[in-house]
Every structure is written in C-alpha cells, then in structure tokens.
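Q: Shown below is the structure under consideration.
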Amino acid sequence: MNDEEPTDAELLAAHVAGDPDAFARLFTRHRDRLWAVALRTMGNPHDAADGLQDGLISAYRRAESFRGDAAVTTWLHRVVVNACLDRIRAAKVRRTEALPDDLDEPGGRGSVRTATGDREDPEQAAIADDRRRALLAALATLPAEQRAALVLVDMEGYAVAEVAVMLDCAEGTVKSRCARGRERLARLLRDRLAATGPPGDPAHPEPDAAATRPIPVPPKPTPTSSNAGEGGAP
Amino acid sequence: MTDRPDSPESEDSAEIAEVRRLLADARHVDPMPDDVATRMDAVLAGLRDTADAAPAARPHPPAAEVIPIAADRRRRAAGLLVAAAAIVVGGVVIAPHVHVGSSGSSAATAAEDNSGASSEFGDTGNSNKQALTPQAIQGGKAHLRNGRLVVRPQHFSADALAGRRLLNETSTNMATGGTSCLAVPQSASTVPAEYQLAPAALVYRHVEGSSQVVDLYICGNPRPVRSTTLPAP
C-alpha cells in the first residue's frame, strides 16, 4: 500500500465494501462543486441544501449501482442534479420558481466575488455584480432542464458529452437545451447586452450607465407550507 | 470538465457569446457554507449510524430491502387492529393523516421505529424531557426512531400534527425549552425529530387565533428548513 490518496473509485468501492468513512471522504472531496451546482440549479440556498441532501442520501444508498462507466464525480453530479430536478418538479405545483439566492443580500454573499476581483474599483464591481444578479434572475425563469444544462455546461464548464451522462439524455438534447436557454437569456437580457456591446475584457467591463439599469425581477414568491422562508432561530 | 461544448455556431452571435460569458462569470466558486456542511455531516453520520445499527440495510444486498409479502400483510393487519381498537375504546376520530397500513414501506418503517425506539428523547440533554411512551406512539401514529419523531418530507404537515398529539399526550413540560442542538425559548414547545436521517426538532409556536405555526429545524442550521401552519388544537 502506498501513501497516495485513494481515487474516487477506490473510495466508492470501499464504501460499498463496508468502509464506514469512505463515502464521507469522497463527498468531502467534491462537496463544494456539488454545492455550487445545486445552488445554481435550485436558485436559493435553502432548496439547494435540500436537493444536495437528497442527492447525498441517494448516492450513499445507491453506491452499488455505480458501474464505472463514467467518472465517479460525473455520477455524483448526476445523482445530485437529478435530486434537484426532482425537487423542482415536485414543488412546481405548490409554488412559483424561487429567486436566485443572493438577490436580496448583495453584500455578504460569497458568490459576489465570483464575478468581481478584489482589484476592481467599486463602480466596476457594482456593475459586474448587477449583471450577475440580472443573469441569475433571468436564469431562474428558465425551465429546470434548460437551467441545469446551462449550469453544467456554461457555468461549470463540463463537456457536453459528460453533461449528457449527468442528465441522462443525448448530447444533442444537451446542446438544444443549452441553445434554447441561451437564446431565452439573450432575449431577457437584451437591453443590458445591447448596452454592454460585444464582449471585451471579462474582468474589466466598460462602465456604462445604461448597464446598471436592473432588468425586471420577478416578484418574490410567497412562502408556502412546503418550504420555510426566512426566520430566525427559535 | 474542461472543454466547452462544440459551438454550432454560426448562431453563436456576439449576443449569445456575451450570455455565455455572463454565465461563466456567475459560476459559484465559494465553498459550501458552514451551516450546510454541518448539516451534511450530520446526515452522513446518521447514514453511517443506520448502517451500523442494521448492517442488512447497507446498499450491497439489494434483496434486504424487499419486504416479504406475508410479513407486510401481518403488519397491515396489526396496524388495522390497533386502529380499530383505538376507535372502539377511545372513541377517537382518526385523522386523515394517519397512515395505517397505507403502504408496505410505511408499515415497515413504523415497525422498525417502534422496535428501535429508545425510552428517552435521544441525546437531547434536557432533563425535563420524558420518554415518548408507547401509548403516545400508538395514539398519535407517530413514527419514532431512537426517541425522535421521524418527519417524512412528503408528509410534513401530517407528521407535525402527529408530533403535536404526542406533545399533548405526554406532560407539557417534557418538550419546552431546548433540544441539544437548538436554543428554544421557553414559550415554544419542541419535539426532537429526525428529518431525512438528520437530527432535527419540530418547534411549535404559540397558537395565534385559530392556527399554530410549526417549524422544522435541522441541527446545525439556524434557519427552519420546513414550516407549516396547523389548525389550533
């Protein structure tokens, strides 16, 4: 036995064989990316945590179903994304789509930093943040399958073939979902995109007063009995 | 996870390219928040404990999850007898949420829960808490595991109602105050619970008018993950 870290496949095999700690190690290794995918797919942290938990339990219990056809991380993403999509479908009849997680809390959200570097001046940071928020608001209006495809392909950068495995569909389906989703986003963000012009340096977008105009944001959904909204600790 | 999809992409106009750039910029790169990580750790611990307690339930023997039809039938019959006895003796109107023999899995879960239930409120650390008695379990049709009320995602309101019945049937001081993972004001009543294998607590707010709000907290998460409004008792 060497000192190298076990591979994902080895950890999963160890879990199936009864190693009580193997799955936790595997999950810890990938949890940040799984969380990011769940968050962007679900649109808010509460639902994302529920979806991720569903996926975690499902993966733990169905580990033996992994046949090694794809990478373990692909399989994990598949389980988590499917859990999220199941939740979205189940909730569809009970409530409206949730808003992105950070629309109401622009300050204090780590994801703000994803689009803005520390070196940027506050004005540019504000503009970039505003664009990101508008994008997420528009993304939340897409059908769940389109949203999941865009999150995995355009946000996370997975190859279409890999996403096809994750979403259990043909590559062509992934491409068409992405294409339709992008077109719809382009329509929703048209004013903003027109104001921005052709893409320049992504890290330093041109300041433009028109670009700060917020896109219409859907009204905040009324909390229902199915999922709690805000509330302090009891 | 590196290459971009093939772009068709005569139609990959500047506008579409800009959309893709915005999407890439919106990638969430921060680590999982601490409260979520704590929750996932608790779920993993619960899964591990479950596996330790019942090795046969581990994923590798799929046949272990199959419930024999005869055993299922016996459980259904036992459940129906209990329900009938409750109606005759107590004149109790069984609420629609009671799932007596509604499915094999729920019946099996109830049997499993009853057999595995401890005599105390788990590890709540609250000396005021008393045992969840078999009478309370039977009357409220609450599903218990290790002294915690099992709250099912698809039956949240029904389980919250069953938890309230449990609360009423035992002494009132048993569940006021806090649980091991929550700081609950004295004005609220709590029932230790389990939600998707994670330790949790149902918090019953003060009755306001004709309704009562019930929140479900997962240990380690300061915000309720589920909430419902019940009619006042």
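Residue numbers start at 1 in each chain; chains themselves are named A, B, ... in the order of the structure tokens; ligands are numbered from 1 in the order shown.
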What's the 6 Å shell around stretch 187-202 of chain B, counting only C-alpha atoms, without same-chain residues fewer than 2 positions away, as a list of chain:residue names?

A: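 Returned residues: B:Ala42, B:Val43, B:Gly46, B:Arg148, B:Leu149, B:Val150, B:Val151, B:Ala175, B:Thr176, B:Pro185, B:Tyr204, B:Arg205, B:Asp215, B:Leu216, B:Tyr217, B:Ile218, B:Cys219.
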
Q: So how far away is atom CA of B:Ala162 from atom CA of B:Gly147, in Å?

A: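 Atom-to-atom, atom CA of B:Gly147 to atom CA of B:Ala162, that is 14.3 Å.
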
Q: Pick from B:Ala160, B:Met32, B:Ala24, B:Val19: nearest to A:Ala36, with only C-alpha atoms counted?

A: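 The shortest atom-to-atom distance to A:Ala36 comes from B:Met32.
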
Q: Hey, which of B:Met40, B:Leu230, B:Gly163, B:Asp35 ends up closest to chain A? Count only C-alpha atoms.

A: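 Between B:Met40, B:Leu230, B:Gly163, B:Asp35, the residue approaching chain A most closely is B:Met40.
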
Q: Write out as a list of chain:residue names which residues come within 12 Å of B:Pro33 when counting only C-alpha atoms, dropping same-chain ones fewer than 3 positions away.

A: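 So, after excluding close chain neighbours, the residues are A:Arg31, A:Asp32, A:Trp35, A:Ala36, A:Leu39, A:Pro45, A:His46, A:Ala48, A:Ala49, A:Arg109, A:Gly110, A:Ser111, B:His28, B:Val29, B:Asp30, B:Val36, B:Ala37, B:Thr38, B:Arg39, B:Met40, B:Gly220, B:Asn221.
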
Q: Residues as selected, C-alpha atoms, written as a PDB file, in the first residue's frame, can you do that?

A:
```pdb
ATOM      1  CA  ARG A  31     -18.894  18.810  -1.947  1.00  0.00           C
ATOM      2  CA  ASP A  32     -18.011  22.361  -2.937  1.00  0.00           C
ATOM      3  CA  TRP A  35     -22.964  22.570  -3.706  1.00  0.00           C
ATOM      4  CA  ALA A  36     -22.302  25.091  -6.472  1.00  0.00           C
ATOM      5  CA  LEU A  39     -27.189  26.216  -5.663  1.00  0.00           C
ATOM      6  CA  PRO A  45     -29.521  28.078  -0.660  1.00  0.00           C
ATOM      7  CA  HIS A  46     -32.408  26.546   1.254  1.00  0.00           C
ATOM      8  CA  ALA A  48     -30.116  23.772  -2.732  1.00  0.00           C
ATOM      9  CA  ALA A  49     -29.311  22.268   0.661  1.00  0.00           C
ATOM     10  CA  ARG A 109     -22.649  36.667  -0.333  1.00  0.00           C
ATOM     11  CA  GLY A 110     -19.541  34.911  -1.362  1.00  0.00           C
ATOM     12  CA  SER A 111     -20.750  34.426  -4.894  1.00  0.00           C
TER      13      SER A 111
ATOM     14  CA  HIS B  28     -20.282  29.937  -7.786  1.00  0.00           C
ATOM     15  CA  VAL B  29     -16.759  29.353  -6.522  1.00  0.00           C
ATOM     16  CA  ASP B  30     -17.123  29.747  -2.799  1.00  0.00           C
ATOM     17  CA  VAL B  36     -24.797  23.372   5.109  1.00  0.00           C
ATOM     18  CA  ALA B  37     -21.574  21.457   5.696  1.00  0.00           C
ATOM     19  CA  THR B  38     -22.639  20.793   9.273  1.00  0.00           C
ATOM     20  CA  ARG B  39     -25.984  19.578   8.078  1.00  0.00           C
ATOM     21  CA  MET B  40     -24.453  17.257   5.502  1.00  0.00           C
ATOM     22  CA  GLY B 220     -26.678  22.918  12.954  1.00  0.00           C
ATOM     23  CA  ASN B 221     -28.884  25.042  10.750  1.00  0.00           C
TER      24      ASN B 221
END
```

Q: Within 10 Å of B:Ser157, counting only C-alpha atoms, which residues qualify if same-chain residues fewer than 3 places away don't, as a list in words?

A: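 That gives Ser225 and Ser226 of chain A; His97, Val151, Arg152, Pro153, Gln154, Ala160, Leu161, Ala162, Gly163, Val214, Arg226, Ser227, Thr228, Thr229 and Leu230 of chain B.
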
Q: Need the shell around A:Thr74: protein/DNA/RNA residues with any atom at most 9 Å away, counting only C-alpha atoms. Skip same-chain ones fewer than 5 positions apart. Format as a list in words?

A: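 Contacts, with the query itself left out: Val79, Glu162, Val163, Val165 and Met166 of chain A.
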
Q: Find the spatial neighbours of stretch 181-189 of chain A, counting only C-alpha atoms, within a cut-off of 8 Å - ignore same-chain residues fewer than 5 positions away - and output them as a list in words.

A: Ala134, Leu135, Ala138, Leu139, Leu142, Gln146, Arg147, Leu150 and Ile215 of chain A; Glu15, Ile16, Val19 and Arg20 of chain B

Q: Once you have the residues from the selection above, write them out as a PDB file, in the first residue's frame, restricted to N, CA and C atoms.

A:
```
ATOM      1  N   ALA A 134     -28.651  40.140 -12.462  1.00  0.00           N
ATOM      2  CA  ALA A 134     -29.648  40.123 -13.529  1.00  0.00           C
ATOM      3  C   ALA A 134     -29.629  38.781 -14.254  1.00  0.00           C
ATOM      4  N   LEU A 135     -28.432  38.280 -14.487  1.00  0.00           N
ATOM      5  CA  LEU A 135     -28.284  36.991 -15.159  1.00  0.00           C
ATOM      6  C   LEU A 135     -28.939  35.890 -14.331  1.00  0.00           C
ATOM      7  N   ALA A 138     -32.662  36.070 -14.469  1.00  0.00           N
ATOM      8  CA  ALA A 138     -33.166  35.546 -15.743  1.00  0.00           C
ATOM      9  C   ALA A 138     -33.031  34.023 -15.793  1.00  0.00           C
ATOM     10  N   LEU A 139     -31.937  33.533 -15.278  1.00  0.00           N
ATOM     11  CA  LEU A 139     -31.702  32.079 -15.272  1.00  0.00           C
ATOM     12  C   LEU A 139     -32.800  31.349 -14.495  1.00  0.00           C
ATOM     13  N   LEU A 142     -35.912  30.139 -16.397  1.00  0.00           N
ATOM     14  CA  LEU A 142     -35.836  29.076 -17.409  1.00  0.00           C
ATOM     15  C   LEU A 142     -36.429  27.774 -16.880  1.00  0.00           C
ATOM     16  N   GLN A 146     -33.401  23.168 -18.817  1.00  0.00           N
ATOM     17  CA  GLN A 146     -32.524  24.111 -19.522  1.00  0.00           C
ATOM     18  C   GLN A 146     -31.534  24.737 -18.543  1.00  0.00           C
ATOM     19  N   ARG A 147     -32.044  25.069 -17.381  1.00  0.00           N
ATOM     20  CA  ARG A 147     -31.184  25.709 -16.391  1.00  0.00           C
ATOM     21  C   ARG A 147     -30.043  24.767 -15.984  1.00  0.00           C
ATOM     22  N   LEU A 150     -27.407  24.550 -18.672  1.00  0.00           N
ATOM     23  CA  LEU A 150     -26.560  25.745 -18.732  1.00  0.00           C
ATOM     24  C   LEU A 150     -25.605  25.826 -17.535  1.00  0.00           C
ATOM     25  N   ILE A 215     -32.729  44.635 -14.719  1.00  0.00           N
ATOM     26  CA  ILE A 215     -33.783  44.011 -15.503  1.00  0.00           C
ATOM     27  C   ILE A 215     -34.953  43.763 -14.576  1.00  0.00           C
TER      28      ILE A 215
ATOM     29  N   GLU B  15     -24.181  38.232 -29.151  1.00  0.00           N
ATOM     30  CA  GLU B  15     -25.126  38.271 -28.033  1.00  0.00           C
ATOM     31  C   GLU B  15     -25.083  36.961 -27.236  1.00  0.00           C
ATOM     32  N   ILE B  16     -25.092  35.856 -27.966  1.00  0.00           N
ATOM     33  CA  ILE B  16     -25.026  34.556 -27.300  1.00  0.00           C
ATOM     34  C   ILE B  16     -23.686  34.392 -26.596  1.00  0.00           C
ATOM     35  N   VAL B  19     -23.840  36.151 -23.429  1.00  0.00           N
ATOM     36  CA  VAL B  19     -24.621  35.395 -22.439  1.00  0.00           C
ATOM     37  C   VAL B  19     -23.752  34.308 -21.817  1.00  0.00           C
ATOM     38  N   ARG B  20     -23.001  33.624 -22.645  1.00  0.00           N
ATOM     39  CA  ARG B  20     -22.145  32.546 -22.131  1.00  0.00           C
ATOM     40  C   ARG B  20     -21.045  33.106 -21.219  1.00  0.00           C
TER      41      ARG B  20
END
```
